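Visitor: Just my_file30.txt, nothing more (compact mmCIF, C-alpha atoms):
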```txt
# COMPACT_ATOMS: atom_id res chain seq x y z
CA MET K 1 215.92 146.70 99.02
CA ASN K 2 213.21 144.85 100.83
CA ASN K 3 213.60 142.09 103.35
CA GLN K 4 213.00 139.35 100.82
CA SER K 5 215.89 140.34 98.64
CA SER K 6 218.30 140.60 101.58
CA GLY K 7 218.49 136.80 101.82
CA GLN K 8 216.66 136.46 105.14
CA ASN K 9 213.33 134.75 105.58
CA PRO K 10 210.63 136.84 103.94
CA LEU K 11 209.06 139.36 106.26
CA LEU K 12 205.29 139.78 106.58
CA LEU K 13 203.80 142.90 108.09
CA LEU K 14 200.45 141.84 109.53
CA VAL K 15 198.07 144.66 110.41
CA GLU K 16 195.21 143.09 112.37
CA ASP K 17 193.47 144.28 115.52
CA GLU K 18 191.82 140.98 116.45
CA GLN K 19 194.49 139.23 118.52
CA ASP K 20 193.17 135.72 117.88
CA MET K 21 193.16 136.33 114.14
CA ALA K 22 196.67 137.75 114.35
CA ASP K 23 197.84 134.72 116.32
CA LEU K 24 196.35 132.37 113.75
CA VAL K 25 197.81 134.13 110.72
CA THR K 26 201.17 134.35 112.49
CA LEU K 27 201.17 130.63 113.17
CA ILE K 28 200.21 129.79 109.59
CA MET K 29 202.76 132.11 108.04
CA LYS K 30 205.62 131.13 110.33
CA GLU K 31 205.06 127.55 109.22
CA GLN K 32 205.61 128.87 105.70
CA GLY K 33 208.97 130.34 106.70
CA TYR K 34 207.93 133.94 107.17
CA GLN K 35 209.02 136.29 109.88
CA VAL K 36 205.89 138.05 111.06
CA LEU K 37 205.74 141.59 112.40
CA HIS K 38 202.35 142.37 113.91
CA ALA K 39 200.80 145.83 114.13
CA ALA K 40 197.63 145.77 116.23
CA ASP K 41 196.20 149.07 115.05
CA GLY K 42 196.45 151.57 112.25
CA SER K 43 198.66 154.03 114.09
CA VAL K 44 201.30 151.41 114.78
CA ALA K 45 201.16 150.34 111.15
CA LEU K 46 201.83 153.89 109.97
CA GLU K 47 204.84 154.08 112.30
CA LYS K 48 206.19 150.88 110.81
CA ILE K 49 205.76 152.21 107.29
CA ALA K 50 207.60 155.39 108.21
CA LEU K 51 210.49 153.71 110.00
CA MET K 52 211.21 150.30 108.53
CA SER K 53 212.37 148.86 105.24
CA PRO K 54 209.58 147.42 103.13
CA PRO K 55 208.56 143.84 103.92
CA SER K 56 208.02 141.08 101.38
CA LEU K 57 204.28 141.13 101.94
CA VAL K 58 201.62 143.06 103.83
CA MET K 59 198.38 141.60 105.15
CA LEU K 60 195.98 144.32 106.11
CA ASP K 61 192.60 144.37 107.82
CA ILE K 62 190.21 147.07 106.63
CA GLN K 63 188.49 147.85 109.92
CA LEU K 64 191.15 148.97 112.40
CA PRO K 65 191.31 151.24 115.44
CA HIS K 66 192.64 154.79 114.95
CA VAL K 67 193.46 154.58 111.24
CA ASP K 68 191.57 152.32 108.86
CA GLY K 69 193.12 149.87 106.43
CA ILE K 70 192.26 151.90 103.36
CA THR K 71 194.24 154.87 104.68
CA ILE K 72 197.16 152.56 105.42
CA LEU K 73 196.97 151.12 101.93
CA GLU K 74 196.96 154.61 100.44
CA THR K 75 200.02 155.44 102.54
CA ILE K 76 201.83 152.31 101.36
CA ARG K 77 201.19 153.17 97.74
CA ALA K 78 202.41 156.74 98.29
CA THR K 79 205.59 155.76 100.16
CA PRO K 80 208.83 155.34 98.19
CA ASP K 81 210.23 151.79 98.54
CA TRP K 82 206.86 150.56 99.81
CA GLU K 83 204.75 151.47 96.82
CA HIS K 84 205.21 148.11 95.06
CA VAL K 85 204.93 145.84 98.10
CA PRO K 86 202.27 143.14 97.57
CA VAL K 87 199.25 143.69 99.81
CA ILE K 88 196.54 141.19 100.71
CA MET K 89 193.48 142.65 102.38
CA LEU K 90 191.96 140.56 105.17
CA THR K 91 188.44 141.65 105.78
CA GLY K 92 185.10 140.65 107.15
CA VAL K 93 183.55 143.58 105.40
CA ALA K 94 181.53 142.50 102.40
CA ASP K 95 181.18 146.13 101.50
CA GLN K 96 181.24 146.75 97.77
CA ASP K 97 182.32 150.37 98.06
CA LYS K 98 185.32 149.53 100.24
CA ILE K 99 186.32 146.59 98.07
CA ARG K 100 186.11 148.76 94.96
CA LYS K 101 188.22 151.39 96.68
CA VAL K 102 191.01 149.01 97.65
CA ARG K 103 191.04 147.48 94.17
CA THR K 104 191.99 150.86 92.74
CA LEU K 105 195.00 150.88 95.05
CA ARG K 106 196.64 147.83 93.49
CA ILE K 107 196.05 145.18 96.08
CA GLN K 108 197.11 141.70 95.01
CA ASP K 109 194.15 139.95 96.56
CA TYR K 110 191.65 140.06 99.36
CA VAL K 111 190.50 137.29 101.65
CA LEU K 112 187.16 137.39 103.40
CA LYS K 113 186.96 136.25 107.01
CA PRO K 114 186.35 133.58 108.04
CA PHE K 115 188.86 131.94 105.75
CA ARG K 116 190.43 128.53 105.44
CA GLN K 117 194.17 128.12 105.79
CA GLU K 118 194.29 126.83 102.23
CA THR K 119 192.58 129.95 100.95
CA LEU K 120 195.05 132.21 102.70
CA LEU K 121 198.06 130.28 101.42
CA ARG K 122 196.68 130.22 97.90
CA SER K 123 196.31 133.97 98.08
CA VAL K 124 199.90 134.33 99.31
CA ASP K 125 201.18 132.16 96.47
CA GLN K 126 199.26 134.19 93.91
CA SER K 127 200.42 137.45 95.40
CA ARG K 128 204.06 136.43 95.38
CA LYS K 129 203.73 135.67 91.66
CA THR K 130 202.19 139.02 91.01
CA SER K 131 203.53 142.44 91.75
CA ALA K 132 202.07 145.77 92.63
CA ARG K 133 204.58 147.26 90.22
CA PRO K 134 203.00 148.84 87.13
CA GLN K 135 203.98 147.30 83.80
CA MET J 1 199.68 146.95 85.01
CA LYS J 2 199.35 143.30 85.91
CA PRO J 3 195.85 142.10 86.65
CA ILE J 4 194.57 142.09 90.19
CA LEU J 5 194.00 138.54 91.30
CA MET J 6 190.88 137.74 93.25
CA SER J 7 191.76 134.14 93.97
CA SER J 8 189.96 134.18 97.29
CA ILE J 9 186.75 134.53 95.35
CA LYS J 10 187.26 132.42 92.28
CA ASN J 11 189.34 129.54 93.58
CA GLN J 12 187.74 128.65 96.86
CA ASP J 13 186.40 125.21 97.42
CA LYS J 14 182.96 124.65 98.84
CA THR J 15 184.13 124.58 102.43
CA THR J 16 185.37 128.13 102.20
CA ASP J 17 183.63 131.41 101.97
CA THR J 18 182.46 131.80 98.40
CA ARG J 19 180.52 134.95 98.95
CA LEU J 20 180.41 137.41 96.14
CA ILE J 21 180.83 140.98 97.20
CA GLY J 22 177.87 142.07 99.26
CA GLU J 23 176.39 138.65 99.75
CA GLU J 24 175.36 137.47 103.17
CA PRO J 25 177.61 134.96 104.92
CA MET J 26 177.25 131.41 103.70
CA GLU J 27 175.62 128.71 105.76
CA TYR J 28 178.30 126.42 107.02
CA THR J 29 177.68 122.73 106.95
CA GLN J 30 180.22 121.41 109.40
CA PRO J 31 179.01 117.99 110.54
CA LYS J 32 177.95 117.79 114.17
CA GLU J 33 179.03 114.96 116.37
CA ILE J 34 177.75 114.47 119.86
CA GLY J 35 180.12 112.99 122.39
CA ALA J 36 179.55 111.89 125.97
CA GLU J 37 177.37 114.09 128.18
CA GLY J 38 176.34 116.39 125.39
CA GLU J 39 179.83 117.23 124.23
CA VAL J 40 180.10 118.54 120.72
CA LEU J 41 183.07 117.10 118.89
CA VAL J 42 184.81 119.57 116.62
CA HIS J 43 187.65 118.44 114.40
CA ILE J 44 190.45 120.99 114.22
CA ASP J 45 193.74 121.15 112.35
CA ALA J 46 196.37 119.79 114.74
CA SER J 47 198.74 122.62 113.86
CA PHE J 48 196.32 125.03 115.56
CA GLU J 49 196.44 123.15 118.87
CA PRO J 50 198.69 125.63 120.71
CA LEU J 51 196.16 128.40 120.06
CA ILE J 52 192.89 126.64 120.79
CA PRO J 53 192.65 126.88 124.61
CA LYS J 54 193.16 130.65 124.53
CA PHE J 55 190.83 130.99 121.57
CA LEU J 56 187.99 129.22 123.39
CA THR J 57 188.59 131.09 126.64
CA ASN J 58 188.46 134.39 124.77
CA ARG J 59 185.18 133.44 123.09
CA LYS J 60 183.62 132.54 126.44
CA ASN J 61 184.77 135.87 127.83
CA GLU J 62 183.24 137.61 124.85
CA VAL J 63 179.88 136.01 125.55
CA VAL J 64 180.07 137.54 129.02
CA THR J 65 181.02 140.88 127.49
CA MET J 66 178.04 140.77 125.15
CA ARG J 67 175.65 139.78 127.94
CA GLU J 68 176.84 142.72 130.02
CA ALA J 69 176.54 145.06 127.06
CA LEU J 70 173.02 143.86 126.42
CA THR J 71 171.96 144.85 129.92
CA THR J 72 172.59 148.48 128.96
CA GLN J 73 171.24 148.08 125.43
CA ASP J 74 174.78 148.65 124.14
CA PHE J 75 174.12 147.07 120.77
CA ASP J 76 177.23 148.57 119.21
CA THR J 77 179.48 146.61 121.57
CA VAL J 78 177.48 143.45 120.94
CA ARG J 79 177.76 143.98 117.19
CA LYS J 80 181.52 144.58 117.28
CA VAL J 81 182.25 141.60 119.50
CA ALA J 82 180.00 139.31 117.50
CA HIS J 83 181.58 140.54 114.26
CA GLY J 84 185.04 139.60 115.49
CA MET J 85 183.81 136.24 116.72
CA LYS J 86 182.20 135.57 113.36
CA GLY J 87 185.50 136.13 111.56
CA ALA J 88 187.65 134.19 113.97
CA GLY J 89 185.41 131.16 114.53
CA GLY J 90 185.42 129.66 111.08
CA SER J 91 189.03 130.63 110.48
CA TYR J 92 190.02 128.38 113.36
CA GLY J 93 187.66 125.65 112.15
CA PHE J 94 184.74 126.36 114.47
CA ASP J 95 182.15 127.03 111.81
CA ARG J 96 179.23 126.81 114.20
CA ILE J 97 180.66 129.71 116.23
CA THR J 98 180.70 131.78 113.06
CA ASP J 99 177.08 130.86 112.33
CA MET J 100 175.87 131.74 115.80
CA ALA J 101 177.91 134.94 116.03
CA ALA J 102 176.56 136.05 112.66
CA VAL J 103 173.00 135.80 113.97
CA VAL J 104 173.90 137.82 117.05
CA GLU J 105 175.71 140.42 114.97
CA GLN J 106 172.73 140.82 112.67
CA ALA J 107 170.36 141.12 115.64
CA ALA J 108 172.60 143.77 117.19
CA LYS J 109 172.52 145.77 113.98
CA THR J 110 168.75 145.98 114.20
CA GLY J 111 168.55 146.32 117.98
CA ASP J 112 166.79 142.98 118.27
CA ALA J 113 167.36 142.34 121.97
CA SER J 114 165.08 139.32 122.16
CA THR J 115 167.09 137.39 119.58
CA ILE J 116 170.33 138.25 121.34
CA GLU J 117 168.87 137.24 124.71
CA ARG J 118 167.84 133.93 123.18
CA ASP J 119 171.06 133.21 121.28
CA LEU J 120 173.79 134.30 123.68
CA PRO J 121 172.99 131.57 126.22
CA ALA J 122 172.90 129.07 123.37
CA LEU J 123 176.29 130.28 122.19
CA GLY J 124 177.68 130.08 125.71
CA SER J 125 176.30 126.57 126.13
CA TYR J 126 177.78 125.51 122.81
CA LEU J 127 181.22 126.83 123.80
CA ASP J 128 181.03 124.94 127.09
CA ARG J 129 180.23 121.68 125.32
CA ILE J 130 182.96 121.79 122.67
CA LYS J 131 185.41 118.93 122.76
CA VAL J 132 188.19 119.46 120.27
CA VAL J 133 189.53 116.57 118.24
CA TYR J 134 192.86 117.42 116.64
CA GLU J 135 193.57 115.82 113.32
```
Could you render the structure as structure tokens?
Guide:
Amino acid sequence: MNNQSSGQNPLLLLVEDEQDMADLVTLIMKEQGYQVLHAADGSVALEKIALMSPPSLVMLDIQLPHVDGITILETIRATPDWEHVPVIMLTGVADQDKIRKVRTLRIQDYVLKPFRQETLLRSVDQSRKTSARPQ
Amino acid sequence: MKPILMSSIKNQDKTTDTRLIGEEPMEYTQPKEIGAEGEVLVHIDASFEPLIPKFLTNRKNEVVTMREALTTQDFDTVRKVAHGMKGAGGSYGFDRITDMAAVVEQAAKTGDASTIERDLPALGSYLDRIKVVYE
């Protein structure tokens, strides 16, 4: 059972190493009623995945210290209970190879930085309507 | 499997990043307003107000970091810092910061010290002249 279905405010795991970006996303998402758990690097994110119940949503930067976002995404998809959690990639990397790679790992969406608040929220809405669960 | 949504690409309005994968960053067209004594008026979402002082202080500190890095020809540090600034600037509503940081980032990628030496003072001056108007 993930956090969303437990009746609490939905939980977002935000994996972002740029503190100002993390602060901004946290502010935006808290206004939307989310609890936000921030992991500032890839190693911390992997610890969260290993230890905590799955959140309602993950936002994940691609370029991270220690462990990159693609590895974290692969771990999410290989972890029981986490494998169907919606994931939005936040990235400044307009790198076709990396985007193609994450698309094969059932992300719900990706948002290129810099982004507008409206763009991020639209992506969240779309992702909540979709699922990473195979049909 | 449900389709992967790429709403950040297909649904963005013209004020957001409409890059296709691999395209260069768009040219922002945020209107410039000049206030008293050379101030540059930048209109920012009022909900971001609690974050703005720290955001601007951090950007000014990053200009110092890049200047110091440039003295040792440490282009990798300049590139990384400018890359982060590029992503954060426009996300907070400071599109001009994104524009200027993108130029510095690109110059750092090619080891173009003269462009960086020219643009960092301009970026620092711009940051010093910003007057935020919350709306």
Visitor: Skipping near chain neighbours, those fewer than 5 positions away, what residues fall within 7 Å of region 8-12 of chain K using all atoms listed in the file, listed as a PDB file with C-alpha atoms, in the frame of the given file?
Guide:
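part.pdb was written with the following content:
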```
ATOM      1  CA  ASN K   3     213.600 142.090 103.350  1.00  0.00           C
ATOM      2  CA  GLY K  33     208.970 130.340 106.700  1.00  0.00           C
ATOM      3  CA  TYR K  34     207.930 133.940 107.170  1.00  0.00           C
ATOM      4  CA  GLN K  35     209.020 136.290 109.880  1.00  0.00           C
ATOM      5  CA  VAL K  36     205.890 138.050 111.060  1.00  0.00           C
ATOM      6  CA  LEU K  37     205.740 141.590 112.400  1.00  0.00           C
ATOM      7  CA  PRO K  55     208.560 143.840 103.920  1.00  0.00           C
ATOM      8  CA  SER K  56     208.020 141.080 101.380  1.00  0.00           C
ATOM      9  CA  LEU K  57     204.280 141.130 101.940  1.00  0.00           C
ATOM     10  CA  VAL K  58     201.620 143.060 103.830  1.00  0.00           C
TER      11      VAL K  58
END
```
Visitor: Would you pick out the contacts of Ile72 (chain K) at 8 Å or less, using all atoms listed in the file, so that residues sharing its chain but fewer than 5 positions from it are not included, and give the list as a PyMOL selection string?
Guide: chain K and resi 42+45-46+67
Visitor: Would you mind listing, as number ranges by chain, all residues of chain K that have at least one atom within 8 Å of chain J, where all atoms listed in the file are what counts?
Guide: K: 18, 20-21, 23-24, 27, 92, 94-96, 99, 103, 106-117, 119-120, 122-123, 126-127, 130-135
Visitor: In Å, how far is it from CA of Arg128 (chain K) to CA of Leu73 (chain K)?
Guide: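 It comes out at 17.6 Å.
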Visitor: Arg67 (chain J): which residues within 12 Å, counting only C-alpha atoms, same-chain residues fewer than 2 positions away excluded, as a PyMOL selection string?
Guide: chain J and resi 60-65+69-75+77-79+81-82+104+108+113+116-124
Visitor: May I have the residues within 12 Å of Gly69 (chain K) as a VMD selection string, using only C-alpha atoms and disregarding those fewer than 4 positions away in the same chain?
Guide: chain K and resid 14 to 17 39 to 46 58 to 65 73 to 76 87 to 91 93 98 to 99 101 to 102 105 107
